[in-house]
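> Below you'll find the structure I mean.
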Amino acid sequence: MDFELSEDQVLLQESVQRFVQDNYSFEQRRKIVDNDKGFSETHWKQFAELGWLGMAFPEAVGGYGGTPVETMIVMEEFGKGLVAEPFVSTVVLGGGAIIAGGSAEQQQEIVGKIAEGELKLALAFAERQSRYNLADVETKAEAAGSDYILSGAKSVVFGAPSADKFIVSARTSGGSREEAGISLFLIDSNATGVAVRGYPTVDGLRAGEVTLNNVKIPGSAMVGGKDQGFDILDHVIDHAIAATAAEATGAMSALNNMTLEYIKTREQFGQPIGKFQVLQHRMVDMFIAHEEAKSMSMMVAMRVSDEDVRERRKAASACKVQIAKSCRFVGQQAIQLHGGIGMTDEYAAGHYFKRLTMIDRSFGDSDFHLARFGQLS
């Protein structure tokens, strides 16, 4: 199998590298995440101008016909700089749901606006009781003539504070944990009855709690068929796993390099601590953990569009297990090797560790995906 990037893919990688180098030094990032929105609107417009926001969508609906491999390239470089803009929530989760299940009219209306940087989306799928179970949905959508009335609450909605529209999972039939009976709806964030409580997550990004109180929407706002939302969610979350896996490999690469430079200069007993063989062995273990994660990230990027749903799920879960393992090992070892400075807010290592920890816990932890993989095998 050929793992070499094409000429266009290399150019994409280089353009993202330049952006991160020019705009995402540690001090620049701290200023970005400390503002009210938690990201830069100027950067978001640059993403649109460079074509990154439309890259993953089919050309027929206003995109540029990219694949999950292009998304992997972008996300890996974003991980190196801990880029804070809501790319995953808008492009991978929200836009992915529109492509996977939206009508032709919805795709034409939404995708072009995303690509131009005029629209941000957030996928509201998790609830307080659901943990990682996509089918555990208690939010209700009751028919009212040709309309629907939605009531319920969604938790930890990534990108919620800045979203212009939400894609919400709600139950139109069945029991609270049945896969059948879930439908998706496209809702304006400023619609009557929608309340958003935003907050920063531990890694400095933004999420929110979304409350729906008798929100009335037309039937045309449904994304996909009635009671068919679970398969769309399952598809989109697997793509999000692939995207954040690539981000994790980028963050681990940056953290490994940072740690290596530190042990070359930090002196103890009259010499750099990098001279001690035990620490050299530890750096080798961190390098291996990163390489294992990178291999799995490449694998899932090539398999996540597999038409065989079972194989797609297996690939996503296998990748998530390894990514979680590598995130924990690299993050913990980097903090250990840095000592006390690694825990301070003024030093970058702790911020990489926090982001890796969030990726480890997002979209299912290793225990969840080990169980899922076992059921699929």
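The way I read the labels, and the way they are meant: chains A, B, ... in the order of the structure tokens, residue 1 as the first residue of every chain, and ligand 1 as the first ligand shown, with later ones counted on from there.
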Please give the complete set of residues from range 162-373 of chain A that DSSP, run on the backbone, assigns to strand (DSSP E or B), formatted as a ChimeraX atom specification.
/A:165-171,182-188,194-200,206-218,222-223,228,267-268,271-272
> Could you give me, as a Markdown table, a per-residue list for range 217-324 of chain A showing, wherever an atom lies at most 6 Å from an atom of range 363-377 of chain A, the closest pair of atoms and their distance in Å to one decimal, using only C-alpha atoms and sorting by chain then residue number from low to high?

| residue | atom | partner | partner_atom | distance |
| --- | --- | --- | --- | --- |
| A:Lys314 | CA | A:Phe373 | CA | 5.6 |
| A:Ser317 | CA | A:His369 | CA | 4.9 |
| A:Val321 | CA | A:Ser366 | CA | 4.6 |
> Identify all residues of range 10-86 of chain A in helix (DSSP H, G or I) (DSSP on the backbone) and supply them as an MDAnalysis selection string.
chainID A and resid 10:23 26:34 41:50 59:61 68:81
> Give the answer as one residue: which of A:Leu184, A:Ala115, A:Met296, A:Leu121 has the shortest atom-to-atom distance to Ala100 in chain A, using only C-alpha atoms?
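Looking only at the distances to Ala100 in chain A, the closest residue turns out to be A:Leu184.
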> When you count only C-alpha atoms, which of these residues is closest to His351 in chain A: A:Gly229, A:Gly145, A:Gly79, A:Pro161?
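Once distances to His351 in chain A are computed over only C-alpha atoms, the minimum belongs to A:Gly79.
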> Where does range 181-220 of chain A meet range 84-92 of chain A within 12 Å, residue by residue, with the nearest atom pair and distance in Å to one decimal for each, counting only C-alpha atoms, listed by chain and rising number, as JSON lines?

{"residue": "A:Pro200", "atom": "CA", "partner": "A:Ala84", "partner_atom": "CA", "distance": 11.3}
{"residue": "A:Thr201", "atom": "CA", "partner": "A:Ala84", "partner_atom": "CA", "distance": 11.4}
{"residue": "A:Asp203", "atom": "CA", "partner": "A:Ala84", "partner_atom": "CA", "distance": 9.5}
{"residue": "A:Gly204", "atom": "CA", "partner": "A:Ala84", "partner_atom": "CA", "distance": 7.9}
{"residue": "A:Leu205", "atom": "CA", "partner": "A:Ala84", "partner_atom": "CA", "distance": 6.1}
{"residue": "A:Arg206", "atom": "CA", "partner": "A:Pro86", "partner_atom": "CA", "distance": 8.5}
{"residue": "A:Ala207", "atom": "CA", "partner": "A:Ser89", "partner_atom": "CA", "distance": 9.8}
> What's the 10 Å shell around Leu12 in chain A, counting only C-alpha atoms, without same-chain residues fewer than 4 positions away, as a list in words?
Ser6, Glu7, Asp8, Val16, Gln17, Leu50, Gly51, Trp52, Glu70, Ile73 and Val74 of chain A
> Taking 3 positions as the minimum chain separation for residues in the same chain, which residues sit within 10 Å of Glu77 in chain A when counting only C-alpha atoms? Answer as a list in words.
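Close residues of Glu77 in chain A: Gln13, Glu14, Ser15, Val16, Gln17, Arg18, Phe19, Val20, Gln21, Met72, Ile73, Val74, Lys80, Gly81, Leu82, Val83, Ala246, Glu247, Ala248, Thr249, Gly250, Ala251, Ser253 and Ala254 of chain A.
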> Mind checking which residues fall within 10 Å of Ser176 in chain A, counting only C-alpha atoms, ignoring those fewer than 6 positions away in the same chain, and posting them as a tab-separated table (two decimals) with all heavy atoms, in the first residue's frame?

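New file part_18.tsv:
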chain	number	residue	atom	x	y	z
A	130	SER	N	-26.03	9.80	29.05
A	130	SER	CA	-25.72	8.90	27.93
A	130	SER	C	-24.28	8.41	27.90
A	130	SER	O	-23.99	7.39	27.28
A	130	SER	CB	-26.04	9.60	26.61
A	130	SER	OG	-25.22	10.73	26.41
A	135	ALA	N	-27.06	5.98	21.32
A	135	ALA	CA	-28.49	5.64	21.27
A	135	ALA	C	-29.24	6.07	22.53
A	135	ALA	O	-30.47	6.01	22.57
A	135	ALA	CB	-28.66	4.13	21.08
A	136	ASP	N	-28.51	6.51	23.56
A	136	ASP	CA	-29.15	6.92	24.81
A	136	ASP	C	-29.62	8.37	24.66
A	136	ASP	O	-28.90	9.31	25.00
A	136	ASP	CB	-28.17	6.77	25.97
A	136	ASP	CG	-28.85	6.90	27.33
A	136	ASP	OD1	-29.98	7.44	27.39
A	136	ASP	OD2	-28.26	6.46	28.32
A	137	VAL	N	-30.82	8.52	24.13
A	137	VAL	CA	-31.37	9.85	23.82
A	137	VAL	C	-32.74	9.99	24.47
A	137	VAL	O	-33.65	9.19	24.20
A	137	VAL	CB	-31.49	10.05	22.29
A	137	VAL	CG1	-32.19	11.38	21.98
A	137	VAL	CG2	-30.12	10.00	21.64
A	138	GLU	N	-32.88	11.00	25.32
A	138	GLU	CA	-34.16	11.26	25.97
A	138	GLU	C	-34.81	12.55	25.49
A	138	GLU	O	-35.97	12.82	25.80
A	138	GLU	CB	-33.98	11.29	27.48
A	138	GLU	CG	-33.57	9.92	28.06
A	138	GLU	CD	-33.48	9.91	29.57
A	138	GLU	OE1	-33.62	11.01	30.18
A	138	GLU	OE2	-33.26	8.83	30.15
A	139	THR	N	-34.06	13.37	24.75
A	139	THR	CA	-34.66	14.56	24.15
A	139	THR	C	-35.78	14.12	23.21
A	139	THR	O	-35.61	13.21	22.41
A	139	THR	CB	-33.60	15.34	23.36
A	139	THR	OG1	-32.58	15.79	24.27
A	139	THR	CG2	-34.21	16.54	22.66
A	140	LYS	N	-36.94	14.76	23.32
A	140	LYS	CA	-38.13	14.35	22.57
A	140	LYS	C	-38.41	15.28	21.39
A	140	LYS	O	-38.21	16.50	21.48
A	140	LYS	CB	-39.36	14.34	23.49
A	140	LYS	CG	-39.26	13.39	24.68
A	140	LYS	CD	-39.29	11.94	24.24
A	140	LYS	CE	-39.33	11.00	25.44
A	140	LYS	NZ	-39.31	9.58	25.02
A	170	ALA	N	-32.83	13.70	18.55
A	170	ALA	CA	-34.03	13.65	19.39
A	170	ALA	C	-34.79	12.38	19.09
A	170	ALA	O	-34.70	11.83	17.99
A	170	ALA	CB	-34.90	14.87	19.15
A	182	ILE	N	-34.38	7.41	16.59
A	182	ILE	CA	-33.65	8.68	16.75
A	182	ILE	C	-33.68	9.43	15.43
A	182	ILE	O	-33.42	8.85	14.37
A	182	ILE	CB	-32.20	8.43	17.19
A	182	ILE	CG1	-32.16	7.76	18.56
A	182	ILE	CG2	-31.41	9.74	17.22
A	182	ILE	CD1	-30.79	7.29	18.97
> Skipping near chain neighbours, those fewer than 2 positions away, what residues fall within 7 Å of range 354-358 of chain A using only C-alpha atoms, listed as a list in words?
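Skipping anything fewer than 2 positions along the chain leaves Val202, Asp203, Ala248, Cys327, Arg328, Gly331, Gly350, His351, Tyr352, Asp360, Arg361 and Ser362 of chain A.
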> Restricting the output to all heavy atoms, write the selected residues as a compact mmCIF listing (two decimals), in the first residue's frame.

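Once everything was written out, this is again-v4.txt:
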# COMPACT_ATOMS: atom_id res chain seq x y z
N VAL A 202 -11.35 21.89 29.71
CA VAL A 202 -10.07 21.84 30.42
C VAL A 202 -8.90 22.15 29.50
O VAL A 202 -7.87 22.65 29.94
CB VAL A 202 -9.89 20.46 31.09
CG1 VAL A 202 -9.70 19.36 30.04
CG2 VAL A 202 -8.72 20.47 32.06
N ASP A 203 -9.06 21.92 28.18
CA ASP A 203 -7.99 22.17 27.24
C ASP A 203 -8.04 23.57 26.63
O ASP A 203 -7.30 23.87 25.70
CB ASP A 203 -8.01 21.12 26.12
CG ASP A 203 -9.36 21.01 25.45
OD1 ASP A 203 -10.29 21.72 25.86
OD2 ASP A 203 -9.50 20.20 24.51
N ALA A 248 -4.21 14.29 17.57
CA ALA A 248 -3.42 13.76 18.68
C ALA A 248 -2.00 13.43 18.26
O ALA A 248 -1.04 13.69 18.99
CB ALA A 248 -4.09 12.52 19.26
N CYS A 327 -1.80 8.67 23.93
CA CYS A 327 -2.03 9.99 24.54
C CYS A 327 -1.65 9.99 26.01
O CYS A 327 -0.95 10.89 26.49
CB CYS A 327 -3.50 10.39 24.39
SG CYS A 327 -3.98 10.99 22.76
N ARG A 328 -2.11 8.98 26.72
CA ARG A 328 -1.82 8.91 28.15
C ARG A 328 -0.32 8.74 28.40
O ARG A 328 0.27 9.42 29.24
CB ARG A 328 -2.59 7.75 28.79
CG ARG A 328 -4.07 8.00 28.94
CD ARG A 328 -4.71 7.00 29.88
NE ARG A 328 -4.59 5.62 29.39
CZ ARG A 328 -5.46 5.04 28.58
NH1 ARG A 328 -6.51 5.71 28.14
NH2 ARG A 328 -5.29 3.79 28.20
N GLY A 331 1.75 11.94 27.18
CA GLY A 331 1.43 13.09 28.03
C GLY A 331 1.99 12.95 29.43
O GLY A 331 2.63 13.87 29.96
N GLY A 350 2.02 21.45 29.63
CA GLY A 350 0.78 21.13 30.31
C GLY A 350 -0.44 21.31 29.43
O GLY A 350 -1.43 20.57 29.55
N HIS A 351 -0.39 22.26 28.50
CA HIS A 351 -1.51 22.50 27.60
C HIS A 351 -1.65 21.37 26.58
O HIS A 351 -2.77 20.99 26.23
CB HIS A 351 -1.33 23.85 26.91
CG HIS A 351 -1.39 25.01 27.86
ND1 HIS A 351 -2.53 25.76 28.06
CD2 HIS A 351 -0.45 25.54 28.69
CE1 HIS A 351 -2.30 26.70 28.96
NE2 HIS A 351 -1.03 26.59 29.35
N TYR A 352 -0.52 20.87 26.11
CA TYR A 352 -0.57 19.69 25.22
C TYR A 352 -1.12 18.49 25.97
O TYR A 352 -1.92 17.71 25.43
CB TYR A 352 0.82 19.39 24.66
CG TYR A 352 1.23 20.29 23.54
CD1 TYR A 352 1.95 21.46 23.77
CD2 TYR A 352 0.87 20.00 22.23
CE1 TYR A 352 2.32 22.30 22.73
CE2 TYR A 352 1.24 20.83 21.18
CZ TYR A 352 1.96 21.98 21.44
OH TYR A 352 2.31 22.82 20.41
N ASP A 360 -8.39 11.75 24.42
CA ASP A 360 -8.52 10.41 24.99
C ASP A 360 -9.96 10.13 25.41
O ASP A 360 -10.50 9.04 25.18
CB ASP A 360 -7.56 10.31 26.19
CG ASP A 360 -7.71 9.03 27.00
OD1 ASP A 360 -8.42 8.10 26.57
OD2 ASP A 360 -7.11 8.95 28.09
N ARG A 361 -10.64 11.12 25.99
CA ARG A 361 -11.97 10.93 26.55
C ARG A 361 -13.11 11.30 25.60
O ARG A 361 -14.28 11.05 25.93
CB ARG A 361 -12.12 11.76 27.83
CG ARG A 361 -11.16 11.34 28.94
CD ARG A 361 -11.48 9.95 29.43
NE ARG A 361 -10.51 9.47 30.41
CZ ARG A 361 -10.61 8.32 31.06
NH1 ARG A 361 -11.64 7.53 30.81
NH2 ARG A 361 -9.70 7.94 31.92
N SER A 362 -12.81 11.86 24.47
CA SER A 362 -13.86 12.28 23.53
C SER A 362 -14.27 11.13 22.62
O SER A 362 -13.42 10.35 22.18
CB SER A 362 -13.36 13.45 22.67
OG SER A 362 -13.06 14.58 23.46
> Between A:Gln129, A:Ser155, A:Ser173, A:Gln106, single out the one closest to Ala141 in chain A, counting only C-alpha atoms.
A:Ser173
> Neighbouring residues of Asn190 in chain A were defined as those with any atom within 12 Å, considering only C-alpha atoms; residues of the same chain fewer than 3 positions away were excluded. Please report them as an NGL selection string.
:A and (160-166 or 187 or 193-196 or 210-212 or 215)
> Which of these residues is nearest to Gly159 in chain A, using only C-alpha atoms: A:Phe287, A:Phe3, A:Phe39, A:Phe276?
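Closest to Gly159 in chain A, using only C-alpha atoms: A:Phe39.
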> Could you tell me how far CA of Gln336 in chain A lies from CA of Thr259 in chain A, in Å and to one decimal?
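If I compute the distance from CA of Gln336 in chain A to CA of Thr259 in chain A, I get 9.8 Å.
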